[in-house]
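Coordinates from upload_32.cif are shown below (mmCIF, C-alpha atoms).
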```cif
data_data
#
loop_
_atom_site.group_PDB
_atom_site.id
_atom_site.type_symbol
_atom_site.label_atom_id
_atom_site.label_comp_id
_atom_site.auth_asym_id
_atom_site.auth_seq_id
_atom_site.Cartn_x
_atom_site.Cartn_y
_atom_site.Cartn_z
ATOM 1 C CA MET A 15 -24.690 23.968 16.790
ATOM 2 C CA SER A 16 -26.985 21.120 15.787
ATOM 3 C CA ILE A 17 -28.098 21.251 12.155
ATOM 4 C CA ASP A 18 -29.174 18.087 10.372
ATOM 5 C CA LEU A 19 -29.684 17.260 6.733
ATOM 6 C CA LYS A 20 -33.441 17.118 7.179
ATOM 7 C CA GLN A 21 -33.506 20.795 8.138
ATOM 8 C CA LEU A 22 -31.442 21.698 5.085
ATOM 9 C CA ARG A 23 -33.728 19.649 2.851
ATOM 10 C CA TYR A 24 -36.797 21.383 4.318
ATOM 11 C CA PHE A 25 -35.161 24.797 3.902
ATOM 12 C CA LEU A 26 -34.249 24.069 0.292
ATOM 13 C CA ALA A 27 -37.804 23.012 -0.518
ATOM 14 C CA VAL A 28 -39.204 26.264 0.929
ATOM 15 C CA ALA A 29 -36.542 28.326 -0.840
ATOM 16 C CA GLU A 30 -37.244 26.709 -4.203
ATOM 17 C CA GLU A 31 -41.028 26.772 -3.897
ATOM 18 C CA LYS A 32 -41.118 30.237 -2.256
ATOM 19 C CA SER A 33 -44.088 28.958 -0.311
ATOM 20 C CA PHE A 34 -44.436 27.029 2.927
ATOM 21 C CA SER A 35 -47.652 25.391 1.771
ATOM 22 C CA ARG A 36 -46.248 24.210 -1.565
ATOM 23 C CA ALA A 37 -43.033 23.048 0.133
ATOM 24 C CA ALA A 38 -45.049 21.108 2.730
ATOM 25 C CA GLU A 39 -47.024 19.443 -0.041
ATOM 26 C CA ARG A 40 -43.824 18.563 -1.893
ATOM 27 C CA LEU A 41 -42.307 17.096 1.265
ATOM 28 C CA HIS A 42 -45.509 15.228 2.157
ATOM 29 C CA ILE A 43 -45.721 16.822 5.601
ATOM 30 C CA SER A 44 -48.057 19.352 7.200
ATOM 31 C CA GLN A 45 -47.108 23.020 7.267
ATOM 32 C CA PRO A 46 -46.728 23.581 11.084
ATOM 33 C CA PRO A 47 -43.790 21.142 11.581
ATOM 34 C CA LEU A 48 -42.150 22.570 8.453
ATOM 35 C CA SER A 49 -42.367 26.071 9.831
ATOM 36 C CA GLN A 50 -41.002 24.862 13.162
ATOM 37 C CA GLN A 51 -37.979 23.264 11.494
ATOM 38 C CA ILE A 52 -37.203 26.460 9.559
ATOM 39 C CA MET A 53 -37.478 28.546 12.728
ATOM 40 C CA LYS A 54 -35.200 26.083 14.523
ATOM 41 C CA LEU A 55 -32.674 26.310 11.672
ATOM 42 C CA GLU A 56 -32.685 30.118 11.827
ATOM 43 C CA ALA A 57 -32.226 29.982 15.589
ATOM 44 C CA GLU A 58 -29.266 27.588 15.271
ATOM 45 C CA LEU A 59 -27.621 29.760 12.637
ATOM 46 C CA GLY A 60 -28.501 33.019 14.361
ATOM 47 C CA VAL A 61 -29.664 34.603 11.070
ATOM 48 C CA LYS A 62 -32.888 35.291 9.215
ATOM 49 C CA LEU A 63 -33.206 33.183 6.095
ATOM 50 C CA PHE A 64 -36.465 34.635 4.760
ATOM 51 C CA ALA A 65 -37.742 38.184 4.554
ATOM 52 C CA ARG A 66 -41.469 37.842 5.159
ATOM 53 C CA THR A 67 -44.107 40.521 4.705
ATOM 54 C CA THR A 68 -47.815 40.314 4.056
ATOM 55 C CA ARG A 69 -47.170 40.469 0.300
ATOM 56 C CA THR A 70 -43.677 39.110 -0.306
ATOM 57 C CA PHE A 71 -41.691 36.012 0.544
ATOM 58 C CA GLU A 72 -38.045 36.370 -0.371
ATOM 59 C CA LEU A 73 -34.714 34.936 0.692
ATOM 60 C CA THR A 74 -32.382 37.166 2.635
ATOM 61 C CA VAL A 75 -28.757 37.511 1.525
ATOM 62 C CA ALA A 76 -27.854 34.851 4.087
ATOM 63 C CA GLY A 77 -30.724 32.690 2.833
ATOM 64 C CA LYS A 78 -29.491 32.906 -0.772
ATOM 65 C CA ALA A 79 -26.002 31.883 0.317
ATOM 66 C CA LEU A 80 -27.356 28.936 2.309
ATOM 67 C CA MET A 81 -29.574 27.889 -0.592
ATOM 68 C CA GLN A 82 -26.541 27.466 -2.853
ATOM 69 C CA GLU A 83 -24.454 25.742 -0.206
ATOM 70 C CA ALA A 84 -27.305 23.459 0.870
ATOM 71 C CA ALA A 85 -28.027 22.407 -2.718
ATOM 72 C CA GLU A 86 -24.356 21.494 -3.246
ATOM 73 C CA LEU A 87 -24.115 19.713 0.102
ATOM 74 C CA LEU A 88 -27.260 17.640 -0.444
ATOM 75 C CA GLY A 89 -26.144 16.840 -3.984
ATOM 76 C CA LYS A 90 -22.776 15.618 -2.713
ATOM 77 C CA MET A 91 -24.522 13.617 0.005
ATOM 78 C CA ARG A 92 -26.729 11.878 -2.577
ATOM 79 C CA MET A 93 -23.640 11.054 -4.650
ATOM 80 C CA THR A 94 -21.866 9.756 -1.540
ATOM 81 C CA ILE A 95 -24.815 7.539 -0.642
ATOM 82 C CA ASP A 96 -24.995 6.203 -4.212
ATOM 83 C CA THR A 97 -21.258 5.482 -4.196
ATOM 84 C CA VAL A 98 -21.404 3.725 -0.820
ATOM 85 C CA ARG A 99 -24.268 1.551 -2.043
ATOM 86 C CA GLN A 100 -22.365 0.737 -5.238
ATOM 87 C CA ILE A 101 -19.309 -0.189 -3.206
ATOM 88 C CA ASP A 102 -21.441 -2.452 -1.013
ATOM 89 C CA ARG A 103 -22.735 -4.182 -4.162
ATOM 90 C CA GLY A 104 -19.181 -4.603 -5.436
ATOM 91 C CA GLU A 105 -19.782 -2.213 -8.340
ATOM 92 C CA VAL A 106 -16.929 0.154 -7.448
ATOM 93 C CA GLY A 107 -13.412 -0.623 -6.253
ATOM 94 C CA ARG A 108 -10.384 -2.638 -7.306
ATOM 95 C CA LEU A 109 -9.657 -6.341 -7.610
ATOM 96 C CA ARG A 110 -6.147 -7.810 -7.639
ATOM 97 C CA VAL A 111 -6.148 -11.328 -9.080
ATOM 98 C CA GLY A 112 -3.274 -13.762 -8.642
ATOM 99 C CA ILE A 113 -3.065 -16.638 -11.128
ATOM 100 C CA VAL A 114 -0.826 -19.444 -12.260
ATOM 101 C CA GLY A 115 0.037 -19.070 -15.930
ATOM 102 C CA SER A 116 -1.841 -22.127 -17.166
ATOM 103 C CA ALA A 117 -5.100 -20.772 -15.710
ATOM 104 C CA MET A 118 -5.253 -18.208 -18.527
ATOM 105 C CA TRP A 119 -5.743 -21.059 -21.010
ATOM 106 C CA GLY A 120 -8.901 -22.097 -19.180
ATOM 107 C CA PRO A 121 -11.980 -20.273 -17.898
ATOM 108 C CA ILE A 122 -10.321 -17.233 -16.285
ATOM 109 C CA PRO A 123 -10.350 -14.933 -19.359
ATOM 110 C CA SER A 124 -14.085 -15.448 -19.952
ATOM 111 C CA MET A 125 -14.776 -14.889 -16.231
ATOM 112 C CA LEU A 126 -12.844 -11.612 -16.340
ATOM 113 C CA GLU A 127 -14.703 -10.552 -19.475
ATOM 114 C CA GLU A 128 -18.069 -11.179 -17.798
ATOM 115 C CA PHE A 129 -16.923 -9.422 -14.618
ATOM 116 C CA GLN A 130 -15.781 -6.364 -16.579
ATOM 117 C CA SER A 131 -19.085 -6.284 -18.451
ATOM 118 C CA LYS A 132 -21.176 -6.441 -15.269
ATOM 119 C CA TYR A 133 -18.923 -4.240 -13.131
ATOM 120 C CA PRO A 134 -17.320 -1.690 -15.494
ATOM 121 C CA ARG A 135 -16.369 0.650 -12.624
ATOM 122 C CA VAL A 136 -14.176 -1.944 -10.915
ATOM 123 C CA THR A 137 -10.482 -1.743 -11.750
ATOM 124 C CA TRP A 138 -8.821 -5.166 -11.866
ATOM 125 C CA THR A 139 -5.246 -6.311 -12.379
ATOM 126 C CA ILE A 140 -3.698 -9.711 -13.105
ATOM 127 C CA HIS A 141 -0.618 -10.898 -11.215
ATOM 128 C CA GLU A 142 0.981 -14.047 -12.615
ATOM 129 C CA LEU A 143 2.478 -15.734 -9.564
ATOM 130 C CA GLY A 144 3.234 -19.228 -8.358
ATOM 131 C CA PRO A 145 1.033 -20.766 -5.650
ATOM 132 C CA THR A 146 3.514 -20.163 -2.826
ATOM 133 C CA VAL A 147 3.959 -16.504 -3.740
ATOM 134 C CA GLN A 148 0.193 -16.102 -4.107
ATOM 135 C CA TYR A 149 -0.342 -17.586 -0.664
ATOM 136 C CA ASP A 150 2.048 -15.104 0.897
ATOM 137 C CA ALA A 151 0.510 -12.255 -1.121
ATOM 138 C CA LEU A 152 -2.974 -13.156 0.134
ATOM 139 C CA ARG A 153 -1.823 -13.126 3.744
ATOM 140 C CA ALA A 154 -0.084 -9.775 3.171
ATOM 141 C CA LYS A 155 -3.209 -8.399 1.420
ATOM 142 C CA GLN A 156 -1.200 -7.706 -1.744
ATOM 143 C CA ILE A 157 -3.775 -9.590 -3.835
ATOM 144 C CA ASP A 158 -7.498 -10.156 -3.202
ATOM 145 C CA VAL A 159 -7.997 -13.595 -4.761
ATOM 146 C CA GLY A 160 -5.651 -16.304 -5.963
ATOM 147 C CA PHE A 161 -6.030 -19.107 -8.490
ATOM 148 C CA TRP A 162 -3.929 -22.244 -8.495
ATOM 149 C CA ARG A 163 -4.309 -25.944 -9.115
ATOM 150 C CA GLU A 164 -4.079 -29.183 -7.206
ATOM 151 C CA PRO A 165 -3.297 -30.213 -4.609
ATOM 152 C CA ARG A 166 -5.998 -28.606 -2.503
ATOM 153 C CA LEU A 167 -4.651 -26.891 0.601
ATOM 154 C CA ASP A 168 -5.116 -28.400 4.038
ATOM 155 C CA GLU A 169 -8.188 -26.995 5.806
ATOM 156 C CA ASP A 170 -6.318 -26.471 9.082
ATOM 157 C CA GLU A 171 -3.641 -24.488 7.255
ATOM 158 C CA LEU A 172 -6.291 -22.349 5.574
ATOM 159 C CA LYS A 173 -8.094 -21.648 8.850
ATOM 160 C CA ARG A 174 -4.841 -20.740 10.557
ATOM 161 C CA ASP A 175 -4.179 -18.045 7.972
ATOM 162 C CA ASN A 176 -7.829 -16.919 7.684
ATOM 163 C CA LEU A 177 -8.145 -18.130 4.116
ATOM 164 C CA LYS A 178 -10.787 -20.101 2.277
ATOM 165 C CA GLN A 179 -10.375 -22.207 -0.841
ATOM 166 C CA GLU A 180 -13.181 -23.239 -3.202
ATOM 167 C CA LEU A 181 -13.271 -25.411 -6.295
ATOM 168 C CA CYS A 182 -13.529 -23.185 -9.335
ATOM 169 C CA PHE A 183 -13.099 -25.433 -12.368
ATOM 170 C CA ARG A 184 -12.768 -29.197 -12.766
ATOM 171 C CA GLU A 185 -10.088 -30.351 -15.158
ATOM 172 C CA ASN A 186 -7.930 -33.394 -15.832
ATOM 173 C CA VAL A 187 -4.276 -33.880 -16.660
ATOM 174 C CA CYS A 188 -3.198 -34.965 -20.148
ATOM 175 C CA VAL A 189 0.140 -35.969 -21.676
ATOM 176 C CA ALA A 190 1.880 -33.813 -24.274
ATOM 177 C CA VAL A 191 4.114 -35.795 -26.658
ATOM 178 C CA ASN A 192 5.940 -35.021 -29.862
ATOM 179 C CA GLU A 193 3.820 -35.567 -32.963
ATOM 180 C CA HIS A 194 6.259 -38.252 -34.191
ATOM 181 C CA HIS A 195 6.256 -40.168 -30.901
ATOM 182 C CA PRO A 196 4.840 -43.733 -31.138
ATOM 183 C CA LEU A 197 2.193 -42.854 -28.534
ATOM 184 C CA ALA A 198 0.947 -39.899 -30.598
ATOM 185 C CA LYS A 199 -1.317 -42.156 -32.657
ATOM 186 C CA GLN A 200 -3.157 -43.460 -29.588
ATOM 187 C CA GLU A 201 -6.598 -42.095 -28.733
ATOM 188 C CA SER A 202 -5.766 -42.329 -25.029
ATOM 189 C CA ILE A 203 -3.054 -43.829 -22.853
ATOM 190 C CA GLU A 204 -2.385 -45.034 -19.333
ATOM 191 C CA LEU A 205 -0.174 -42.803 -17.215
ATOM 192 C CA LYS A 206 2.313 -45.663 -16.821
ATOM 193 C CA ASP A 207 2.795 -45.704 -20.622
ATOM 194 C CA ILE A 208 5.240 -42.799 -20.224
ATOM 195 C CA ALA A 209 7.245 -44.522 -17.470
ATOM 196 C CA ASP A 210 10.396 -44.790 -19.626
ATOM 197 C CA GLU A 211 10.128 -41.342 -21.230
ATOM 198 C CA PRO A 212 12.281 -38.312 -20.312
ATOM 199 C CA MET A 213 9.998 -36.155 -18.157
ATOM 200 C CA LEU A 214 9.827 -32.403 -18.674
ATOM 201 C CA THR A 215 8.303 -30.580 -15.723
ATOM 202 C CA LEU A 216 7.697 -27.184 -14.207
ATOM 203 C CA ALA A 217 10.275 -26.206 -11.592
ATOM 204 C CA LEU A 218 9.763 -28.557 -8.664
ATOM 205 C CA ASP A 219 10.962 -26.023 -6.090
ATOM 206 C CA LYS A 220 8.528 -23.266 -7.097
ATOM 207 C CA SER A 221 5.114 -24.932 -7.114
ATOM 208 C CA SER A 222 3.282 -27.808 -5.463
ATOM 209 C CA PHE A 223 1.504 -28.755 -8.718
ATOM 210 C CA PRO A 224 4.522 -30.363 -10.493
ATOM 211 C CA ARG A 225 5.448 -32.200 -7.267
ATOM 212 C CA TYR A 226 1.846 -33.418 -7.113
ATOM 213 C CA LEU A 227 2.155 -34.710 -10.704
ATOM 214 C CA ILE A 228 5.345 -36.608 -9.811
ATOM 215 C CA GLN A 229 3.461 -38.241 -6.936
ATOM 216 C CA CYS A 230 0.648 -39.188 -9.342
ATOM 217 C CA CYS A 231 3.247 -41.005 -11.450
ATOM 218 C CA VAL A 232 4.561 -42.790 -8.351
ATOM 219 C CA LYS A 233 1.026 -43.891 -7.483
ATOM 220 C CA ALA A 234 0.673 -45.176 -11.059
ATOM 221 C CA GLY A 235 3.656 -47.474 -10.440
ATOM 222 C CA PHE A 236 6.765 -45.648 -11.660
ATOM 223 C CA GLN A 237 9.262 -42.974 -10.659
ATOM 224 C CA PRO A 238 9.601 -40.586 -13.605
ATOM 225 C CA THR A 239 13.032 -39.562 -14.820
ATOM 226 C CA VAL A 240 13.052 -35.760 -14.768
ATOM 227 C CA PHE A 241 15.112 -34.611 -17.753
ATOM 228 C CA GLN A 242 14.538 -30.845 -17.612
ATOM 229 C CA GLU A 243 12.679 -28.304 -15.486
ATOM 230 C CA ALA A 244 11.338 -24.941 -16.669
ATOM 231 C CA ASN A 245 9.479 -21.989 -15.180
ATOM 232 C CA GLU A 246 6.848 -21.597 -17.915
ATOM 233 C CA PRO A 247 4.502 -24.177 -19.507
ATOM 234 C CA GLN A 248 5.216 -22.855 -22.988
ATOM 235 C CA THR A 249 8.919 -23.625 -22.497
ATOM 236 C CA LEU A 250 8.072 -27.242 -21.729
ATOM 237 C CA LEU A 251 5.828 -27.496 -24.783
ATOM 238 C CA ALA A 252 8.543 -26.031 -26.988
ATOM 239 C CA MET A 253 10.882 -28.771 -25.740
ATOM 240 C CA VAL A 254 8.200 -31.407 -26.384
ATOM 241 C CA GLY A 255 7.856 -30.033 -29.926
ATOM 242 C CA ALA A 256 11.606 -30.442 -30.343
ATOM 243 C CA GLY A 257 11.369 -34.096 -29.309
ATOM 244 C CA LEU A 258 13.209 -33.707 -26.001
ATOM 245 C CA GLY A 259 10.669 -35.508 -23.828
ATOM 246 C CA VAL A 260 7.062 -35.605 -22.625
ATOM 247 C CA THR A 261 5.213 -33.468 -20.104
ATOM 248 C CA LEU A 262 2.010 -33.511 -18.094
ATOM 249 C CA MET A 263 -0.342 -30.576 -18.603
ATOM 250 C CA PRO A 264 -3.898 -29.471 -17.758
ATOM 251 C CA GLU A 265 -6.267 -30.423 -20.591
ATOM 252 C CA THR A 266 -7.093 -26.786 -21.399
ATOM 253 C CA THR A 267 -3.510 -26.403 -22.615
ATOM 254 C CA SER A 268 -4.542 -28.319 -25.730
ATOM 255 C CA ARG A 269 -6.890 -25.489 -26.770
ATOM 256 C CA ILE A 270 -3.851 -23.672 -28.149
ATOM 257 C CA GLY A 271 -2.054 -25.165 -31.144
ATOM 258 C CA TRP A 272 1.554 -26.003 -30.268
ATOM 259 C CA PRO A 273 3.796 -26.895 -33.258
ATOM 260 C CA GLY A 274 4.840 -30.524 -33.227
ATOM 261 C CA VAL A 275 2.867 -31.385 -30.060
ATOM 262 C CA VAL A 276 0.024 -33.876 -29.583
ATOM 263 C CA PHE A 277 -2.077 -33.909 -26.403
ATOM 264 C CA LEU A 278 -3.247 -37.350 -25.271
ATOM 265 C CA PRO A 279 -6.062 -38.018 -22.769
ATOM 266 C CA ILE A 280 -5.156 -40.269 -19.850
ATOM 267 C CA ARG A 281 -7.382 -43.124 -18.800
ATOM 268 C CA ASN A 282 -8.199 -42.624 -15.102
ATOM 269 C CA PRO A 283 -6.416 -39.250 -15.210
ATOM 270 C CA PRO A 284 -5.071 -37.223 -12.289
ATOM 271 C CA SER A 285 -7.044 -34.045 -11.670
ATOM 272 C CA ALA A 286 -5.767 -30.574 -12.479
ATOM 273 C CA ASN A 287 -8.642 -28.787 -10.778
ATOM 274 C CA LEU A 288 -8.442 -25.018 -10.446
ATOM 275 C CA TYR A 289 -9.196 -23.457 -7.044
ATOM 276 C CA ILE A 290 -9.908 -19.895 -5.948
ATOM 277 C CA THR A 291 -8.475 -18.781 -2.597
ATOM 278 C CA TYR A 292 -9.396 -15.614 -0.706
ATOM 279 C CA THR A 293 -9.234 -14.164 2.796
ATOM 280 C CA THR A 294 -12.073 -14.602 5.271
ATOM 281 C CA MET A 295 -11.001 -11.615 7.392
ATOM 282 C CA ASP A 296 -12.338 -8.964 5.019
ATOM 283 C CA ASP A 297 -15.701 -9.544 3.343
ATOM 284 C CA ALA A 298 -14.803 -7.286 0.409
ATOM 285 C CA PRO A 299 -17.879 -6.644 -1.784
ATOM 286 C CA VAL A 300 -15.733 -6.665 -4.937
ATOM 287 C CA VAL A 301 -14.432 -10.145 -4.089
ATOM 288 C CA ARG A 302 -17.968 -11.282 -3.323
ATOM 289 C CA ALA A 303 -19.172 -9.952 -6.687
ATOM 290 C CA PHE A 304 -16.314 -11.715 -8.483
ATOM 291 C CA ARG A 305 -17.068 -15.000 -6.732
ATOM 292 C CA ASN A 306 -20.688 -14.704 -7.860
ATOM 293 C CA ILE A 307 -19.435 -14.594 -11.462
ATOM 294 C CA ILE A 308 -17.575 -17.853 -10.866
ATOM 295 C CA ASN A 309 -20.424 -19.455 -8.945
ATOM 296 C CA PRO A 310 -23.802 -17.623 -8.859
ATOM 297 C CA ALA A 311 -24.775 -19.683 -5.823
ATOM 298 C CA ALA A 312 -21.709 -18.570 -3.804
#
```
Output the structure of this file as structure tokens.
Amino acid sequence: MSIDLKQLRYFLAVAEEKSFSRAAERLHISQPPLSQQIMKLEAELGVKLFARTTRTFELTVAGKALMQEAAELLGKMRMTIDTVRQIDRGEVGRLRVGIVGSAMWGPIPSMLEEFQSKYPRVTWTIHELGPTVQYDALRAKQIDVGFWREPRLDEDELKRDNLKQELCFRENVCVAVNEHHPLAKQESIELKDIADEPMLTLALDKSSFPRYLIQCCVKAGFQPTVFQEANEPQTLLAMVGAGLGVTLMPETTSRIGWPGVVFLPIRNPPSANLYITYTTMDDAPVVRAFRNIINPAA
């Protein structure tokens, strides 16, 4: 049996109009090919769909049943086509976003707000993970995009794992000191000005960013003395507020008021740029739509 949607659409037009001529006009075709398609449909089905006399034009019992089924089928097909097109535009689906905690103090919340406004039918979830865990999650397709900071990944490593990394947001590093620290009154400082201070840092074995910051200190001419490590930035800032040491943070951290903490700009500062990473193996429309929020030219 070979029945196509065009035949059903033609049949439905005739059934609704109760006239071949009006149906042909509605379909913008001539009447002979319309009649031929209906006859072909009846032959395929092996039933009469219309009871024709010189005075009447009515659907048979089989025709009435097909009219209902055809209307539902064509309606579902239109909905399916609309959904497929929406999916292709990234308007329907899910987005799993991996982030480092400090990224939520920067541009990510406003990006998510804009994305939700433009794509209300996309379900998205946030997964707060370190860079290494995000990398593994991207390769395992457990998240769709990841956000983490410097240092930028090696291009050969990215290509090997079918990933791509793009600059998302430029940002510098600043120094957080206790409000009573002698440096707190300075408008800006050199990185080497904290050479003799107890350094508070994120866990060195869980992220490349704190190790990168240690290397920035080495390049500035000193090896910092790491006093304490912590898993969360807010833990470090609480210790700074208690006068236990200093820490290096992305500048956006200063947008939130931390009791007893002063954030100092660094002259010639290290970068704390934020990058987005995603797989190149699956050109997911939802990911593409999200990237367009970040960079309309992407």
* Asked: Between A:Gly257, A:Lys220, A:Ala190, A:Arg23, which is the closest to Glu86 of chain A once you count all atoms listed in the file?
  ->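 The shortest atom-to-atom distance to Glu86 of chain A comes from A:Arg23.
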* Out of A:Ala256, A:Ala85, A:Ala209, A:Leu262, which residue has the shortest atom-to-atom distance to Thr239 of chain A when counting all atoms listed in the file? ->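 Using all atoms listed in the file, the shortest distance to Thr239 of chain A belongs to A:Ala209.
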Contacts of segment 163-228 of chain A with segment 109-130 of chain A up to 10 Å, shortest pair per row, only C-alpha atoms, as a tab-separated table:
```
residue	atom	partner	partner_atom	distance
A:Arg163	CA	A:Val114	CA	8.0
A:Cys182	CA	A:Pro121	CA	9.2
A:Phe183	CA	A:Pro121	CA	7.6
A:Glu185	CA	A:Gly120	CA	9.3
A:Ser221	CA	A:Val114	CA	9.6
```
* To do: Tell me, as JSON, numbers by chain, which residues lie within 12 Å of Gly271 of chain A, counting all atoms listed in the file; anything in the same chain fewer than 3 positions away does not count.
  => {"A": [119, 190, 248, 251, 252, 255, 266, 267, 268, 274, 275, 276, 277]}
* Find the residues around segment 52-63 of chain A up to 7 Å (only C-alpha atoms counted), leave out those fewer than 5 positions away in its own chain, and share them as a list in words. => Met15, Ser16, Ile17, Gln21, Phe25, Leu73, Thr74, Ala76 and Gly77 of chain A
Using the atoms already present, construct N, CA, C and O atoms for segment 176-193 of chain A and hand them back as a PDB file, keeping the file's coordinate frame.
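Output file rebuild34.pdb is given in full below:
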```
ATOM      1  N   ASN A 176      -6.587 -17.633   8.009  1.00  0.00           N
ATOM      2  CA  ASN A 176      -7.829 -16.919   7.684  1.00  0.00           C
ATOM      3  C   ASN A 176      -8.091 -16.870   6.180  1.00  0.00           C
ATOM      4  O   ASN A 176      -8.475 -15.837   5.626  1.00  0.00           O
ATOM      5  N   LEU A 177      -7.899 -18.016   5.548  1.00  0.00           N
ATOM      6  CA  LEU A 177      -8.145 -18.130   4.116  1.00  0.00           C
ATOM      7  C   LEU A 177      -9.190 -19.204   3.855  1.00  0.00           C
ATOM      8  O   LEU A 177      -9.410 -20.100   4.670  1.00  0.00           O
ATOM      9  N   LYS A 178      -9.828 -19.085   2.702  1.00  0.00           N
ATOM     10  CA  LYS A 178     -10.787 -20.101   2.277  1.00  0.00           C
ATOM     11  C   LYS A 178     -10.506 -20.453   0.824  1.00  0.00           C
ATOM     12  O   LYS A 178     -10.204 -19.589   0.011  1.00  0.00           O
ATOM     13  N   GLN A 179     -10.632 -21.727   0.519  1.00  0.00           N
ATOM     14  CA  GLN A 179     -10.375 -22.207  -0.841  1.00  0.00           C
ATOM     15  C   GLN A 179     -11.606 -22.940  -1.362  1.00  0.00           C
ATOM     16  O   GLN A 179     -12.191 -23.759  -0.654  1.00  0.00           O
ATOM     17  N   GLU A 180     -12.005 -22.623  -2.600  1.00  0.00           N
ATOM     18  CA  GLU A 180     -13.181 -23.239  -3.202  1.00  0.00           C
ATOM     19  C   GLU A 180     -12.838 -23.752  -4.599  1.00  0.00           C
ATOM     20  O   GLU A 180     -12.047 -23.136  -5.325  1.00  0.00           O
ATOM     21  N   LEU A 181     -13.447 -24.868  -4.952  1.00  0.00           N
ATOM     22  CA  LEU A 181     -13.271 -25.411  -6.295  1.00  0.00           C
ATOM     23  C   LEU A 181     -13.868 -24.461  -7.316  1.00  0.00           C
ATOM     24  O   LEU A 181     -15.005 -24.020  -7.176  1.00  0.00           O
ATOM     25  N   CYS A 182     -13.091 -24.137  -8.311  1.00  0.00           N
ATOM     26  CA  CYS A 182     -13.529 -23.185  -9.335  1.00  0.00           C
ATOM     27  C   CYS A 182     -13.832 -23.884 -10.661  1.00  0.00           C
ATOM     28  O   CYS A 182     -14.821 -23.583 -11.308  1.00  0.00           O
ATOM     29  N   PHE A 183     -12.969 -24.815 -11.048  1.00  0.00           N
ATOM     30  CA  PHE A 183     -13.099 -25.433 -12.368  1.00  0.00           C
ATOM     31  C   PHE A 183     -12.483 -26.829 -12.339  1.00  0.00           C
ATOM     32  O   PHE A 183     -11.332 -26.993 -11.957  1.00  0.00           O
ATOM     33  N   ARG A 184     -13.272 -27.822 -12.721  1.00  0.00           N
ATOM     34  CA  ARG A 184     -12.768 -29.197 -12.766  1.00  0.00           C
ATOM     35  C   ARG A 184     -12.034 -29.447 -14.079  1.00  0.00           C
ATOM     36  O   ARG A 184     -12.518 -29.088 -15.153  1.00  0.00           O
ATOM     37  N   GLU A 185     -10.896 -30.086 -13.968  1.00  0.00           N
ATOM     38  CA  GLU A 185     -10.088 -30.351 -15.158  1.00  0.00           C
ATOM     39  C   GLU A 185      -9.184 -31.543 -14.888  1.00  0.00           C
ATOM     40  O   GLU A 185      -8.817 -31.808 -13.743  1.00  0.00           O
ATOM     41  N   ASN A 186      -8.823 -32.256 -15.951  1.00  0.00           N
ATOM     42  CA  ASN A 186      -7.930 -33.394 -15.832  1.00  0.00           C
ATOM     43  C   ASN A 186      -6.564 -33.088 -16.417  1.00  0.00           C
ATOM     44  O   ASN A 186      -6.376 -32.107 -17.145  1.00  0.00           O
ATOM     45  N   VAL A 187      -5.622 -33.959 -16.104  1.00  0.00           N
ATOM     46  CA  VAL A 187      -4.276 -33.880 -16.660  1.00  0.00           C
ATOM     47  C   VAL A 187      -4.223 -34.688 -17.952  1.00  0.00           C
ATOM     48  O   VAL A 187      -4.898 -35.725 -18.079  1.00  0.00           O
ATOM     49  N   CYS A 188      -3.449 -34.200 -18.919  1.00  0.00           N
ATOM     50  CA  CYS A 188      -3.198 -34.965 -20.148  1.00  0.00           C
ATOM     51  C   CYS A 188      -1.690 -35.033 -20.378  1.00  0.00           C
ATOM     52  O   CYS A 188      -0.915 -34.397 -19.670  1.00  0.00           O
ATOM     53  N   VAL A 189      -1.279 -35.822 -21.348  1.00  0.00           N
ATOM     54  CA  VAL A 189       0.140 -35.969 -21.676  1.00  0.00           C
ATOM     55  C   VAL A 189       0.415 -35.283 -23.003  1.00  0.00           C
ATOM     56  O   VAL A 189      -0.305 -35.495 -23.984  1.00  0.00           O
ATOM     57  N   ALA A 190       1.451 -34.451 -23.039  1.00  0.00           N
ATOM     58  CA  ALA A 190       1.880 -33.813 -24.274  1.00  0.00           C
ATOM     59  C   ALA A 190       3.110 -34.554 -24.798  1.00  0.00           C
ATOM     60  O   ALA A 190       4.110 -34.697 -24.084  1.00  0.00           O
ATOM     61  N   VAL A 191       3.005 -35.069 -26.036  1.00  0.00           N
ATOM     62  CA  VAL A 191       4.114 -35.795 -26.658  1.00  0.00           C
ATOM     63  C   VAL A 191       4.411 -35.199 -28.026  1.00  0.00           C
ATOM     64  O   VAL A 191       3.575 -34.499 -28.608  1.00  0.00           O
ATOM     65  N   ASN A 192       5.584 -35.468 -28.513  1.00  0.00           N
ATOM     66  CA  ASN A 192       5.940 -35.021 -29.862  1.00  0.00           C
ATOM     67  C   ASN A 192       5.063 -35.719 -30.889  1.00  0.00           C
ATOM     68  O   ASN A 192       4.677 -36.882 -30.709  1.00  0.00           O
ATOM     69  N   GLU A 193       4.728 -35.021 -31.960  1.00  0.00           N
ATOM     70  CA  GLU A 193       3.820 -35.567 -32.963  1.00  0.00           C
ATOM     71  C   GLU A 193       4.357 -36.837 -33.631  1.00  0.00           C
ATOM     72  O   GLU A 193       3.584 -37.615 -34.192  1.00  0.00           O
TER      73      GLU A 193
END
```
